[in-house]
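Containing CSV, C-alpha atoms: final.csv.
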chain,number,residue,atom,x,y,z
D,1033,MET,CA,-12.8,-15.8,-8.6
D,1034,SER,CA,-9.9,-17.8,-7.1
D,1035,GLY,CA,-6.3,-17.0,-7.6
D,1036,PRO,CA,-3.1,-16.1,-5.7
D,1037,ALA,CA,-2.5,-12.8,-4.0
D,1038,LEU,CA,1.1,-12.1,-3.2
D,1039,VAL,CA,1.5,-10.0,-0.1
D,1040,LEU,CA,5.0,-8.5,0.3
D,1041,VAL,CA,5.8,-7.6,3.9
D,1042,GLY,CA,8.7,-5.4,4.6
D,1043,ARG,CA,11.7,-6.9,6.4
D,1044,GLY,CA,15.3,-5.9,6.7
D,1045,ARG,CA,15.9,-2.6,5.0
D,1046,TYR,CA,12.1,-2.3,4.3
D,1047,ALA,CA,11.0,-2.7,7.9
D,1048,ASP,CA,10.8,0.2,10.3
D,1049,PRO,CA,10.2,0.4,14.1
D,1050,TRP,CA,6.9,2.4,13.7
D,1051,HIS,CA,4.9,-0.1,11.7
D,1052,ASP,CA,4.0,-3.7,12.5
D,1053,THR,CA,3.7,-4.8,8.9
D,1054,ALA,CA,3.2,-8.4,9.8
D,1055,ALA,CA,0.1,-7.5,11.9
D,1056,THR,CA,-1.2,-5.4,9.0
D,1057,ALA,CA,-0.8,-8.4,6.7
D,1058,GLY,CA,-2.7,-10.5,9.3
D,1059,ARG,CA,-5.7,-8.1,9.2
D,1060,LEU,CA,-5.6,-7.9,5.4
D,1061,HIS,CA,-5.5,-11.7,4.9
D,1062,PRO,CA,-9.2,-12.5,5.6
D,1063,LEU,CA,-10.3,-9.6,3.4
D,1064,LEU,CA,-8.4,-11.1,0.5
D,1065,VAL,CA,-9.9,-14.5,1.2
D,1066,GLU,CA,-13.4,-12.9,1.2
D,1067,ALA,CA,-12.5,-11.5,-2.3
D,1068,GLY,CA,-11.9,-15.1,-3.5
D,1069,LEU,CA,-8.1,-14.8,-3.5
D,1070,GLU,CA,-5.5,-17.2,-2.0
D,1071,PRO,CA,-3.0,-15.0,-0.1
D,1072,ALA,CA,0.6,-15.9,0.1
D,1073,VAL,CA,2.5,-13.7,2.5
D,1074,HIS,CA,6.3,-13.3,2.1
D,1075,GLY,CA,8.9,-11.0,3.7
D,1076,THR,CA,10.8,-9.0,1.2
D,1077,ALA,CA,14.1,-10.7,0.0
D,1078,PRO,CA,16.4,-9.9,-2.8
D,1079,ASP,CA,15.8,-13.1,-4.8
D,1080,LEU,CA,12.1,-13.5,-3.8
D,1081,LEU,CA,10.6,-12.5,-7.2
D,1082,GLY,CA,13.2,-13.7,-9.6
D,1083,PRO,CA,12.4,-16.6,-12.0
D,1084,ASP,CA,13.8,-19.1,-9.5
D,1085,GLY,CA,12.6,-17.2,-6.4
D,1086,LEU,CA,10.4,-18.6,-3.7
D,1087,ALA,CA,7.4,-16.6,-4.7
D,1088,SER,CA,7.7,-17.5,-8.3
D,1089,ARG,CA,7.9,-21.2,-7.5
D,1090,GLU,CA,5.0,-21.0,-4.9
D,1091,VAL,CA,2.7,-18.5,-6.5
D,1092,GLY,CA,3.7,-18.1,-10.1
D,1093,ARG,CA,2.0,-15.0,-11.7
D,1094,PRO,CA,-0.2,-13.6,-8.9
D,1095,ASP,CA,-3.7,-12.1,-9.6
D,1096,LEU,CA,-2.8,-9.3,-7.1
D,1097,LEU,CA,0.3,-7.8,-5.5
D,1098,VAL,CA,0.1,-6.1,-2.1
D,1099,VAL,CA,3.0,-4.1,-0.6
D,1100,VAL,CA,3.1,-3.6,3.1
D,1101,ALA,CA,6.5,-2.1,3.7
D,1102,GLY,CA,8.4,0.9,5.0
D,1103,THR,CA,12.0,2.0,5.4
D,1104,GLY,CA,14.6,0.9,7.8
D,1105,ARG,CA,18.4,0.4,7.9
D,1106,VAL,CA,20.0,0.6,4.5
D,1107,ASP,CA,23.6,0.0,5.5
D,1108,PRO,CA,24.9,-2.7,3.1
D,1109,GLY,CA,26.3,-4.8,5.9
D,1110,PHE,CA,22.8,-5.2,7.4
D,1111,ASP,CA,20.7,-6.3,4.4
D,1112,GLY,CA,22.7,-5.9,1.2
D,1113,ASP,CA,23.4,-2.9,-0.9
D,1114,ASP,CA,21.2,-1.3,-3.6
D,1115,ALA,CA,22.7,-3.6,-6.3
D,1116,ALA,CA,21.7,-6.7,-4.4
D,1117,TRP,CA,18.0,-5.5,-4.4
D,1118,ALA,CA,17.9,-4.3,-8.0
D,1119,GLY,CA,16.6,-7.6,-9.3
D,1120,PHE,CA,13.7,-7.5,-6.8
D,1121,HIS,CA,12.6,-4.1,-7.9
D,1122,ALA,CA,12.9,-4.9,-11.6
D,1123,ALA,CA,10.8,-8.0,-11.1
D,1124,LEU,CA,8.2,-6.1,-9.1
D,1125,ALA,CA,7.9,-3.4,-11.7
D,1126,GLY,CA,7.8,-6.1,-14.4
D,1127,LEU,CA,4.8,-7.8,-12.8
D,1128,VAL,CA,2.9,-4.6,-12.8
D,1129,ALA,CA,3.9,-3.8,-16.3
D,1130,ASP,CA,2.7,-7.3,-17.3
D,1131,GLY,CA,-0.8,-6.4,-15.9
D,1132,VAL,CA,-0.7,-7.6,-12.3
D,1133,PRO,CA,-2.6,-5.1,-10.2
D,1134,LEU,CA,-0.9,-3.6,-7.2
D,1135,LEU,CA,-2.2,-2.3,-3.8
D,1136,ALA,CA,0.4,-0.4,-1.7
D,1137,LEU,CA,-0.5,0.5,1.9
D,1138,HIS,CA,0.4,3.2,4.3
D,1139,ALA,CA,4.2,3.4,4.8
D,1140,SER,CA,4.8,1.9,1.4
D,1141,ALA,CA,4.9,5.5,0.1
D,1142,ASN,CA,8.1,5.8,2.1
D,1143,ALA,CA,9.6,2.5,1.0
D,1144,PHE,CA,12.0,1.4,-1.8
D,1145,HIS,CA,14.1,4.6,-2.0
D,1146,ASP,CA,16.6,2.5,-3.9
D,1147,ALA,CA,14.1,1.9,-6.7
D,1148,PRO,CA,13.9,5.1,-8.7
D,1149,GLY,CA,10.7,4.0,-10.5
D,1150,TRP,CA,8.7,3.2,-7.3
D,1151,SER,CA,7.2,6.7,-6.7
D,1152,ALA,CA,6.1,6.9,-10.4
D,1153,LEU,CA,4.6,3.5,-10.2
D,1154,LEU,CA,2.6,4.5,-7.1
D,1155,GLY,CA,1.7,8.0,-8.4
D,1156,GLY,CA,3.2,9.6,-5.3
D,1157,ARG,CA,5.5,9.4,-2.4
D,1158,TRP,CA,6.1,10.5,1.2
D,1159,VAL,CA,8.9,13.1,1.1
D,1160,ASP,CA,11.1,13.5,4.2
D,1161,GLY,CA,11.0,17.1,5.4
D,1162,LEU,CA,7.8,17.8,3.6
D,1163,SER,CA,5.3,15.1,4.3
D,1164,TRP,CA,4.1,14.6,7.9
D,1165,HIS,CA,1.2,13.6,10.1
D,1166,PRO,CA,-0.5,14.8,13.2
D,1167,PRO,CA,-0.5,12.5,16.3
D,1168,LEU,CA,-2.4,9.3,15.7
D,1169,GLY,CA,-6.0,9.5,16.8
D,1170,ALA,CA,-9.6,9.6,15.6
D,1171,ALA,CA,-9.5,10.6,12.0
D,1172,ARG,CA,-11.9,11.1,9.1
D,1173,PHE,CA,-11.2,10.3,5.4
D,1174,ASP,CA,-13.7,11.7,2.9
D,1175,VAL,CA,-14.7,10.4,-0.5
D,1176,ALA,CA,-13.3,12.7,-3.3
D,1177,ASP,CA,-14.9,10.9,-6.3
D,1178,PRO,CA,-18.3,9.4,-5.5
D,1179,ASP,CA,-18.6,7.9,-9.0
D,1180,HIS,CA,-15.5,5.7,-9.1
D,1181,PRO,CA,-16.3,2.0,-8.6
D,1182,VAL,CA,-14.2,1.9,-5.4
D,1183,THR,CA,-15.9,4.7,-3.7
D,1184,ALA,CA,-19.5,4.7,-5.2
D,1185,GLY,CA,-21.8,4.4,-2.2
D,1186,LEU,CA,-19.0,4.5,0.3
D,1187,GLY,CA,-19.4,7.0,3.2
D,1188,ALA,CA,-16.7,8.8,5.0
D,1189,VAL,CA,-14.2,6.5,6.6
D,1190,GLU,CA,-13.6,7.1,10.3
D,1191,ALA,CA,-10.8,5.3,12.0
D,1192,VAL,CA,-8.1,5.6,14.7
D,1193,ASP,CA,-5.3,6.3,12.3
D,1194,GLU,CA,-2.7,8.7,11.0
D,1195,GLN,CA,-3.5,11.4,8.6
D,1196,TYR,CA,-0.8,11.5,6.0
D,1197,LEU,CA,-0.4,15.1,4.9
D,1198,ASP,CA,1.6,16.9,2.1
D,1199,LEU,CA,2.4,13.7,0.2
D,1200,ASP,CA,4.0,14.4,-3.2
D,1201,VAL,CA,1.1,13.2,-5.5
D,1202,ASP,CA,1.3,13.0,-9.3
D,1203,PRO,CA,-1.1,15.6,-10.7
D,1204,ALA,CA,-2.4,12.8,-13.1
D,1205,ALA,CA,-3.3,10.5,-10.2
D,1206,HIS,CA,-7.1,9.9,-9.7
D,1207,VAL,CA,-7.8,10.9,-6.1
D,1208,LEU,CA,-10.4,8.7,-4.3
D,1209,LEU,CA,-10.2,9.9,-0.7
D,1210,THR,CA,-8.9,12.9,1.1
D,1211,THR,CA,-8.4,14.0,4.7
D,1212,ARG,CA,-8.9,17.5,6.0
D,1213,HIS,CA,-6.4,19.4,8.2
D,1214,ASP,CA,-6.6,23.1,9.0
D,1215,GLY,CA,-9.1,23.6,6.2
D,1216,VAL,CA,-7.0,21.9,3.5
D,1217,ASP,CA,-8.0,18.6,1.9
D,1218,HIS,CA,-5.0,16.2,1.4
D,1219,PRO,CA,-5.1,13.2,-1.0
D,1220,VAL,CA,-4.6,9.9,0.8
D,1221,VAL,CA,-6.1,7.2,-1.5
D,1222,TRP,CA,-5.6,7.4,-5.2
D,1223,VAL,CA,-5.4,5.4,-8.5
D,1224,ALA,CA,-1.9,5.9,-10.0
D,1225,PRO,CA,-1.8,7.2,-13.6
D,1226,GLY,CA,-0.4,3.9,-14.9
D,1227,PRO,CA,0.7,1.9,-16.7
D,1228,GLY,CA,-1.1,-0.9,-14.9
D,1229,ARG,CA,-3.9,-0.8,-12.3
D,1230,VAL,CA,-2.3,0.5,-9.1
D,1231,VAL,CA,-3.9,1.9,-5.9
D,1232,TYR,CA,-2.1,3.6,-3.1
D,1233,ASP,CA,-3.9,3.7,0.3
D,1234,ALA,CA,-2.3,5.8,3.1
D,1235,LEU,CA,-4.5,4.4,5.8
D,1236,GLY,CA,-3.5,1.7,8.2
D,1237,HIS,CA,-0.9,2.8,10.7
D,1238,ASP,CA,-1.7,-0.2,13.0
D,1239,VAL,CA,-4.4,-2.7,13.8
D,1240,ARG,CA,-6.6,0.0,15.3
D,1241,SER,CA,-7.3,1.3,11.8
D,1242,TRP,CA,-8.5,-2.2,10.7
D,1243,ALA,CA,-11.1,-2.2,13.5
D,1244,SER,CA,-13.0,0.4,11.5
D,1245,PRO,CA,-15.8,-1.1,9.4
D,1246,GLY,CA,-15.4,1.7,6.9
D,1247,ARG,CA,-11.7,1.1,6.5
D,1248,ARG,CA,-12.3,-2.6,5.9
D,1249,ASP,CA,-15.1,-1.8,3.4
D,1250,LEU,CA,-12.7,0.5,1.6
D,1251,VAL,CA,-10.1,-2.3,1.2
D,1252,ARG,CA,-12.7,-4.8,0.1
D,1253,ARG,CA,-13.9,-2.4,-2.6
D,1254,THR,CA,-10.3,-1.6,-3.7
D,1255,VAL,CA,-9.4,-5.3,-4.0
D,1256,ARG,CA,-12.5,-6.2,-5.9
D,1257,TRP,CA,-11.8,-3.3,-8.4
D,1258,LEU,CA,-8.2,-4.1,-8.7
D,1259,VAL,CA,-8.8,-7.8,-9.7
D,1260,GLY,CA,-11.8,-6.9,-11.8
D,1261,SER,CA,-14.4,-8.8,-9.7
D,1262,PRO,CA,-18.0,-7.6,-10.1
D,1263,GLY,CA,-18.9,-8.5,-6.5
I need this file expressed as structure tokens, please.
Amino acid sequence: MSGPALVLVGRGRYADPWHDTAATAGRLHPLLVEAGLEPAVHGTAPDLLGPDGLASREVGRPDLLVVVAGTGRVDPGFDGDDAAWAGFHAALAGLVADGVPLLALHASANAFHDAPGWSALLGGRWVDGLSWHPPLGAARFDVADPDHPVTAGLGAVEAVDEQYLDLDVDPAAHVLLTTRHDGVDHPVVWVAPGPGRVVYDALGHDVRSWASPGRRDLVRRTVRWLVGSPG
């Protein structure tokens, strides 16, 4: 297949000092090309997704949305207030409701706090004071459902990464991968309950994660399933 993939990289209020979202988009780009997609990478901006926004003019209706964002300064004088961003969030939710599949990566579970529907769309969220991770290091992520198209035939993913723990996950989410800490398995990759085809993937703190063949294979499989490619 060949169609546009719109990669939304957090900037301004959706950037944070712990995650190099631009570098993540750079590692993701060739995997999207391998899947037959034409990636267009844009920093988040209030008018980006509106009818007359840059992404709408350049991409039109994408075949895939990817969010690589986090949370940063939210003071209105820095990057606008919540009202200024309401149109962006409405347009993003509207694309998913219209059938555009969505892949949200890593710190995106802790992004868009000004969008009340974001956590429901993802099927979960990082919760300050509850969610956490051990120090970054060698980590293992195990397949929870060996029969799902994304994970069928996929072995455990080993990567230098963060293990996100105690995320608030919708009980109706379809968990694909977990990570174990102190004898407890924590969901880290799942398919959201819907509507729409949405996958949240908690892996990918920095470029070291993307050096893992298993991690790249997981993303390839996820993208193919999201866009309905049989390859």
Open item on the list: Taking (15.9, 1.1, -5.7) in the coordinates of the supplied file, I want to know which residues reach to within 10 Å of it, counting only C-alpha atoms; could you give the answer as a PyMOL selection string?
Closed with: chain D and resi 1113-1122+1143-1150
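Restricting the calculation to all atoms listed in the file, the smallest distance between Asp1177 of chain D and any of D:Thr1076, D:Thr1210, D:Ser1151, D:Gln1195 is found for D:Thr1210.
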Task: Neighbour list for segment 1235-1251 of chain D as a ChimeraX atom specification, cut-off 6 Å, only C-alpha atoms, skip fewer than 5 positions in-chain - done: /D:1138,1189,1191-1193
- [ ] Would you work out the distance separating atom CA of Ala1067 of chain D from atom CA of Arg1256 of chain D, expressed in Å to one decimal?
- [x]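 Atom CA of Arg1256 of chain D lies 6.4 Å from atom CA of Ala1067 of chain D.
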Open item on the list: Under the rule that only C-alpha atoms are counted, which of D:Arg1252, D:His1165, D:His1213, D:Arg1045 is the nearest residue to Pro1108 of chain D?
Closed with: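 Of the candidates, the smallest distance to Pro1108 of chain D is held by D:Arg1045.
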Open item on the list: Which polymer residues, whether protein, DNA or RNA, lie within 12 Å of the coordinate (9.9, -7.9, -11.1) when you count all atoms listed in the file? List them as a PyMOL selection string, using the chain letters and numbers from the file.
Closed with: chain D and resi 1078-1085+1087-1088+1092-1094+1097+1117-1132+1147+1149-1150
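Minimum distance to Gly1075 of chain D across D:Leu1135, D:Val1041, D:Val1106, D:Ala1101 (counting all atoms listed in the file) occurs at D:Val1041.
Interatomic distance, atom CA of Arg1253 of chain D to atom CA of Pro1049 of chain D: 29.5 Å.
In this model, the gap between atom CA of Ala1205 of chain D and atom CA of Val1098 of chain D comes to 18.8 Å.
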